[in-house]
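Notes to accompany the following structure.
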Amino acid sequence: MQSTAELWSALTADSEKFAQYVQALRDIDGRVGSFLSFSPQVVSSQKTGSLSGIPVGVKDNIAVEGQPLTCGSRILENLISPYSATAIQRLVAEGALMVGKTNLDEFGMGSSCENSALGNTSNPWNLDYVAGGSSGGSAAAVAAGLVPLALGSDTGGSVRQPASFCGVYGLKPTYGSISRSGLTAYASSLEVIGPMARDLQLLKESFRVMAGLDSMDQSGTAGSCSSDQTNGTIAVLELDEGVLDAPVAEAYRQAIDALEALGHPIKRVSLQSLNLIVPAYYTIATAEASANLARFNGIRYGMAPTFAENPAELMRKARHEGFGDEVKLRILLGTYVLRSGFQDQYYGQAQKVRTLIRQELAAIYQDASAILMPVFPTQAFKKGEGGMDEYRQKTADVFTCLANLAGLPALAIPTGLSGGLPLGMQLMAPAFGEERLFALAKELEKTFPLETPEGALDIGSLQ
Amino acid sequence: MSRAHEKYDVFIGLEIHIHLKTESKMFCSCPARYGDDPNVNVCPVCMGYPGALPAVNERAMELGYLVARALGCQTAKTTSFARKNYFYPDMPKNYQISQFAEPVGLNGMMEAGFDDGIRGIRIHDVHLEEDAGKMIHAGDVTLLDYNRAGYPLLEIVTEPDLRSGEETEAFLRSFQRLVRYLGVSDGNMDEGSMKCDANISINLPGKGLGTKVELKNMNSPRFVRLALNHEIERQAKVLDGGGSLVQETRLWNENRDITETMRRKEAADDYRYFPEPDIPPFRPDEAFMAGVETSLVELPLARKNRMAQEYHLTPEQADFLHDEKSTADFFEETVQAGADARTVAAWLSSDVRKLCNREQISLAQSPLTSARMGSLLNLISSGKISGKIAKKVLDMVFTENADPEAIVKKQGWTQISDPAELQTIVDAVLHEHSAVADAVRDGDVRQRGWLMGQIMRASDGQAAPNVANQVLDKALGL
């Protein structure tokens, strides 16, 4: 049987089939809305390599030379990136095709893709539901079969949560293992580019290609995870009753059972710092965002008002008109927590929580190979008014933010369906333990085979 | 010292910025170069494009440590960057990457010579940062040039240990000399490679610091002196009249010779510093610090004192010779090659200096090398040319860019100082004018001078006067 990579490679190498593919993609995406821009002409630059001919959807906050870099924001609506992210360059060097840019919550700030100023993405499993966020466009594109591989960025769960909502694999790698050069910064000390795929082998290969030190990103890290001395023990986070929606709680139990059935000793653990995670995360993320987003002022690129009395007014107008409400809220919060005299109370305190979390997790990894926990307390929620309010969306980030605060790798794994919508769990490993996560996901693949939403693009039909 | 100084204590502290001499910018590989067309030396990093990350220029780091070391600072075992947040149109990221909690150097001291002797001025800290672009207002539009954005800057902050405009000017000149000696910066205030803001307060004696006023827009050490002295008088007048001073920033208006209010400070600026997450802390290893030690040179003041003592120079000569490192090096090289120190000093501080001024070049740029200087002095001491000819030769070294020997030879300016050769000339002259010679021998010594004139004429003026005199006297039996 041909591998996923081989099937796609054969498809994109044939111009006639490629044209059919492009048409099918456009038809399906008319409903799903995963792409903000689509540039299928890049097929001519096909190179040979381990990702030869693999079309890749790229979250629109990652720079691809010559393609838009909107970050889902009005303020960058017309920006064409003058350069490519290091991760993109490495994928392209292995023959991958950057076919388009996918929707996201503005600057990565959100959990639904509804904070995008430029697109409306639906969950391919049910178009009335959100795809999740902020990398919702990438998750939806992969789930709908439009591309076999897509890139997201994970600042507080932005790869794993939409992956889980859409029923695909989503990896948040170890902090610094993939260069951030070319990833539009939201919260620099927390985020990392991560791949999403339905095929584990492809996910793994794309990570291998993108990872590694880069002179353009001095915050990069490299290392390896010591071998597992725990007999494959999986730590399971004990949660209070009612924290999870019933289907997610049931899926959690099933995942524990599945791992146990696969021969993994299960160790129940609790996290003292659990209630501190979300406040610490939002303090650090907004503080860094307030500085990171200061560069968007309408002067050198991006949206500028048609008239301004002076440079100061130009900047004010551009930011007032260009940013959405959620972005403004987070900039204000971040500016507040960084005020002189308040830093110890907020930013300094949050950094201490971060240290505490790292210590607690290090203790758990003494006796466990990985930690299992839910990705999000709910499945995908409804779009619009009937959905989840912004505050609840933030508190629900607790399980995903953990890996970002600690800088650890975590993999969202699809674990079936409930009510026609996907379920997902995540496994979190010590730093540089990505291989461990891939191996565990491979084991679970038999228990939880991947499901495909109705109406997804079937490349088999194009062969 | 002014009248104000009799009544008040004056406290002046400086914030000096220097552009570091590096090939590339602080955080990207764009050239750090002046004078190019606007917005050509830019890239996604220094233009603050989304996703672009800073990468520290290691050369700038070395130069930062070198200055910190030269200023006697505690050099940081760990140094880190921070974001200084404020909006300004010419600052691409709207935050400046600077250093805050862990600068490259802390608690230093720089000695400088003042009217009342040498005194140490305490250095609060030395830190690295990046420059902004340049904003040009042209009619009703504002233009921006980002070539300078991201240029490596080193800021040196002193404690308020200076007491007058004169002292501050002297300190700044010493500081300029120091950074030029180290080769870290051109230190030119008029070209913008060095900038100096001052803070000044005055108070009744013993009362400590007064209300701080910041002064900006002073584009030369001289303007710094004028602005500070103006400000001291202004503040003294306010206090004399029973008024109180306002904490504010004032600008020096060089056309009107006064300081003017720029903005009042209600509260301290809040730059919301926080650690730069894109750049990990830097911990210099032994090799790095050894490299810094190797780059350290003898500092200007120490060199001046040593040279004055070692070579018995006059204070003026020592002052002149140490001003530029290249001049001091030139001097010592020439001396080490065997020339007499005071003779070299005399030539450099008079004739050579005049020629450099005439040609409007520095000694280092001039055609005169220490080897040429040495050979010129050698020609004099060996009697091959006279001091008078030597001045002409020196001039031609400057105009012809040639070696002194070659000039002397080409111009035929060699003195004849071989007694045997002169004997032949003297004999010929005495033979031709035997009557005059006899008269001199008989005691009419007044005519001896005339004979000497004939000898000079016969030798085309090349006879070495002292040797010719001896040979003539001997021939006349005097």
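Residue names in the structure tokens use chain letters A, B, ... in the order shown, residue numbers from 1 in each chain, and ligand numbers from 1 in the order shown.
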Closest atom pairs, residues of chain B within 8 Å of chain A, only C-alpha atoms, as a Markdown table:
```
| residue | atom | partner | partner_atom | distance |
| --- | --- | --- | --- | --- |
| B:Pro44 | CA | A:Pro82 | CA | 7.4 |
| B:Met47 | CA | A:Arg300 | CA | 7.5 |
| B:Gly48 | CA | A:Arg295 | CA | 6.4 |
| B:Tyr49 | CA | A:Arg295 | CA | 7.9 |
| B:Pro50 | CA | A:Thr184 | CA | 4.8 |
| B:Gly51 | CA | A:Thr184 | CA | 3.8 |
| B:Ala52 | CA | A:Gly182 | CA | 5.6 |
| B:Leu53 | CA | A:Ser181 | CA | 5.8 |
| B:Pro54 | CA | A:Asp217 | CA | 7.3 |
| B:Ala55 | CA | A:Gln218 | CA | 6.1 |
| B:Arg83 | CA | A:Ala291 | CA | 7.9 |
| B:Asn85 | CA | A:Ala291 | CA | 6.7 |
| B:Phe87 | CA | A:Ala294 | CA | 7.6 |
| B:Tyr88 | CA | A:Ala312 | CA | 7.6 |
| B:Pro89 | CA | A:Pro311 | CA | 6.1 |
| B:Pro92 | CA | A:Arg295 | CA | 6.1 |
| B:Lys93 | CA | A:Arg295 | CA | 4.1 |
| B:Asn94 | CA | A:Arg295 | CA | 5.3 |
| B:Tyr95 | CA | A:Ala291 | CA | 6.7 |
| B:Thr142 | CA | A:Pro311 | CA | 7.6 |
| B:Asp270 | CA | A:Ser340 | CA | 6.1 |
| B:Tyr271 | CA | A:Ser340 | CA | 7.8 |
| B:Arg272 | CA | A:Leu338 | CA | 5.2 |
| B:Tyr273 | CA | A:Leu338 | CA | 7.5 |
| B:Phe274 | CA | A:Leu338 | CA | 7.5 |
| B:Pro277 | CA | A:Ser189 | CA | 5.5 |
| B:Asp278 | CA | A:Ser219 | CA | 5.6 |
| B:Ile279 | CA | A:Ser219 | CA | 5.7 |
| B:Pro280 | CA | A:Ser219 | CA | 5.8 |
```
### Query
Which residues in segment 288-326 of chain B does DSSP call alpha helix (DSSP H)? List them as a PyMOL selection string.
chain B and resi 288-295+300-310+315-323+325-326
Go ahead and dump the residues you just picked, N, CA, C and O atoms, as a CSV table (one decimal), in the first residue's frame.
```csv
chain,number,residue,atom,x,y,z
B,288,PHE,N,36.5,34.4,26.0
B,288,PHE,CA,35.9,35.7,25.7
B,288,PHE,C,36.5,36.8,26.5
B,288,PHE,O,37.0,37.8,26.0
B,289,MET,N,36.6,36.6,27.8
B,289,MET,CA,37.2,37.6,28.7
B,289,MET,C,38.7,37.8,28.4
B,289,MET,O,39.2,38.9,28.5
B,290,ALA,N,39.4,36.7,28.0
B,290,ALA,CA,40.8,36.8,27.7
B,290,ALA,C,41.0,37.7,26.4
B,290,ALA,O,41.9,38.5,26.4
B,291,GLY,N,40.0,37.6,25.5
B,291,GLY,CA,40.0,38.4,24.3
B,291,GLY,C,39.9,39.9,24.7
B,291,GLY,O,40.5,40.7,24.1
B,292,VAL,N,39.0,40.1,25.7
B,292,VAL,CA,38.8,41.5,26.1
B,292,VAL,C,40.1,42.0,26.7
B,292,VAL,O,40.5,43.2,26.4
B,293,GLU,N,40.7,41.2,27.5
B,293,GLU,CA,42.0,41.7,28.1
B,293,GLU,C,43.0,42.0,27.0
B,293,GLU,O,43.8,43.0,27.1
B,294,THR,N,43.1,41.2,26.0
B,294,THR,CA,44.0,41.4,24.9
B,294,THR,C,43.7,42.7,24.2
B,294,THR,O,44.7,43.4,23.8
B,295,SER,N,42.5,43.0,24.1
B,295,SER,CA,42.1,44.2,23.3
B,295,SER,C,42.3,45.5,24.2
B,295,SER,O,42.3,46.6,23.6
B,300,PRO,N,44.6,56.6,27.9
B,300,PRO,CA,45.3,57.8,27.5
B,300,PRO,C,46.0,58.5,28.7
B,300,PRO,O,47.1,58.9,28.6
B,301,LEU,N,45.3,58.6,29.8
B,301,LEU,CA,45.8,59.3,31.0
B,301,LEU,C,47.1,58.7,31.5
B,301,LEU,O,48.1,59.3,31.8
B,302,ALA,N,47.0,57.3,31.6
B,302,ALA,CA,48.2,56.6,32.1
B,302,ALA,C,49.4,56.8,31.1
B,302,ALA,O,50.5,56.9,31.5
B,303,ARG,N,49.0,56.7,29.8
B,303,ARG,CA,50.1,56.8,28.8
B,303,ARG,C,50.7,58.2,28.8
B,303,ARG,O,51.9,58.3,28.7
B,304,LYS,N,49.9,59.2,29.0
B,304,LYS,CA,50.4,60.6,29.1
B,304,LYS,C,51.4,60.7,30.2
B,304,LYS,O,52.5,61.2,30.0
B,305,ASN,N,51.0,60.2,31.4
B,305,ASN,CA,51.9,60.3,32.6
B,305,ASN,C,53.2,59.5,32.4
B,305,ASN,O,54.3,60.0,32.7
B,306,ARG,N,53.0,58.3,31.8
B,306,ARG,CA,54.2,57.5,31.7
B,306,ARG,C,55.2,58.2,30.7
B,306,ARG,O,56.4,58.3,30.9
B,307,MET,N,54.6,58.6,29.5
B,307,MET,CA,55.5,59.2,28.5
B,307,MET,C,56.2,60.5,29.0
B,307,MET,O,57.4,60.7,28.8
B,308,ALA,N,55.5,61.3,29.8
B,308,ALA,CA,56.0,62.5,30.3
B,308,ALA,C,57.3,62.2,31.2
B,308,ALA,O,58.3,62.8,31.0
B,309,GLN,N,57.1,61.2,32.0
B,309,GLN,CA,58.1,60.8,32.9
B,309,GLN,C,59.3,60.1,32.2
B,309,GLN,O,60.5,60.5,32.3
B,310,GLU,N,58.9,59.1,31.4
B,310,GLU,CA,59.9,58.3,30.7
B,310,GLU,C,60.8,59.1,29.7
B,310,GLU,O,62.0,58.9,29.6
B,315,PRO,N,54.9,69.3,29.8
B,315,PRO,CA,53.5,69.0,29.9
B,315,PRO,C,52.8,69.3,28.6
B,315,PRO,O,51.9,68.5,28.3
B,316,GLU,N,53.1,70.3,27.9
B,316,GLU,CA,52.5,70.6,26.6
B,316,GLU,C,52.7,69.5,25.6
B,316,GLU,O,51.8,69.1,24.9
B,317,GLN,N,54.0,69.1,25.6
B,317,GLN,CA,54.4,68.0,24.6
B,317,GLN,C,53.6,66.7,25.0
B,317,GLN,O,53.0,66.1,24.1
B,318,ALA,N,53.6,66.4,26.3
B,318,ALA,CA,52.9,65.1,26.7
B,318,ALA,C,51.4,65.2,26.3
B,318,ALA,O,50.8,64.3,25.8
B,319,ASP,N,50.9,66.4,26.5
B,319,ASP,CA,49.5,66.6,26.3
B,319,ASP,C,49.2,66.4,24.8
B,319,ASP,O,48.3,65.7,24.4
B,320,PHE,N,50.0,67.0,24.0
B,320,PHE,CA,49.8,66.9,22.5
B,320,PHE,C,50.1,65.5,22.0
B,320,PHE,O,49.3,65.0,21.3
B,321,LEU,N,51.1,64.9,22.5
B,321,LEU,CA,51.5,63.6,22.0
B,321,LEU,C,50.5,62.5,22.3
B,321,LEU,O,50.3,61.5,21.6
B,322,HIS,N,49.8,62.6,23.5
B,322,HIS,CA,48.9,61.5,23.9
B,322,HIS,C,47.5,61.7,23.4
B,322,HIS,O,46.7,60.8,23.5
B,323,ASP,N,47.2,62.9,22.8
B,323,ASP,CA,45.8,63.2,22.4
B,323,ASP,C,45.3,62.1,21.5
B,323,ASP,O,44.2,61.7,21.7
B,325,LYS,N,45.9,58.3,19.9
B,325,LYS,CA,46.8,57.1,20.1
B,325,LYS,C,47.8,57.0,19.0
B,325,LYS,O,48.9,56.6,19.2
B,326,SER,N,47.4,57.3,17.8
B,326,SER,CA,48.3,57.1,16.6
B,326,SER,C,49.5,58.0,16.8
B,326,SER,O,50.6,57.6,16.4
```
### Task
May I have the residues within 10 Å of Ser366 of chain B as a list of chain:residue names, using only C-alpha atoms and disregarding those fewer than 3 positions away in the same chain?
B:Val352, B:Leu355, B:Cys356, B:Glu359, B:Gln360, B:Ile361, B:Ser362, B:Leu363, B:Thr369, B:Val397, B:Phe398, B:Thr399, B:Asn401
### Message
Quick one: residues within 8 Å of segment 77-80 of chain B, only C-alpha atoms, excluding same-chain residues fewer than 3 positions away - as an MDAnalysis selection string?
### Response
chainID B and resid 99:104 275:276 279:284
### Message
I need the residues in segment 64-193 of chain A that are strand (DSSP E) according to DSSP; give them as a PyMOL selection string.
### Response
chain A and resi 97-102+149-154+169-172+192-193
### Query
Expressed in Å to a single decimal, how great is the separation between atom CA of Leu457 of chain A and atom CA of Gln20 of chain A?
11.1 Å
### Query
Near Ala456 of chain A, within 9 Å and counting only C-alpha atoms, which residues show up once chain neighbours fewer than 2 positions away are dropped, as a VMD selection string?
chain A and resid 28 124 143 to 146 452 to 454 458
#### Entry: Non-local contacts of Gly119 of chain A (7 Å; only C-alpha atoms; under 6 positions in same chain excluded) as a VMD selection string
chain A and resid 33 36 103
Same residues, all heavy atoms, saved as a PDB file, in the first residue's frame:
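Saved the output as selection_33.pdb:
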```pdb
ATOM      1  N   GLY A  33     -14.024  27.115   4.977  1.00  0.00           N
ATOM      2  CA  GLY A  33     -13.373  28.412   5.214  1.00  0.00           C
ATOM      3  C   GLY A  33     -12.057  28.299   5.964  1.00  0.00           C
ATOM      4  O   GLY A  33     -11.747  29.133   6.808  1.00  0.00           O
ATOM      5  N   LEU A  36      -7.239  31.430   4.155  1.00  0.00           N
ATOM      6  CA  LEU A  36      -7.423  32.862   3.903  1.00  0.00           C
ATOM      7  C   LEU A  36      -6.905  33.217   2.521  1.00  0.00           C
ATOM      8  O   LEU A  36      -7.373  34.137   1.877  1.00  0.00           O
ATOM      9  CB  LEU A  36      -6.679  33.695   4.954  1.00  0.00           C
ATOM     10  CG  LEU A  36      -7.276  33.707   6.362  1.00  0.00           C
ATOM     11  CD1 LEU A  36      -6.355  34.467   7.308  1.00  0.00           C
ATOM     12  CD2 LEU A  36      -8.674  34.315   6.365  1.00  0.00           C
ATOM     13  N   ASN A 103      -6.656  30.291   8.229  1.00  0.00           N
ATOM     14  CA  ASN A 103      -7.284  31.253   9.144  1.00  0.00           C
ATOM     15  C   ASN A 103      -6.876  31.008  10.595  1.00  0.00           C
ATOM     16  O   ASN A 103      -6.480  29.906  10.975  1.00  0.00           O
ATOM     17  CB  ASN A 103      -8.809  31.161   9.005  1.00  0.00           C
ATOM     18  CG  ASN A 103      -9.511  32.378   9.584  1.00  0.00           C
ATOM     19  OD1 ASN A 103      -8.898  33.425   9.797  1.00  0.00           O
ATOM     20  ND2 ASN A 103     -10.805  32.244   9.839  1.00  0.00           N
TER      21      ASN A 103
END
```
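Between atom CA of Pro422 of chain A and atom CA of Leu259 of chain A the separation is 19.2 Å.
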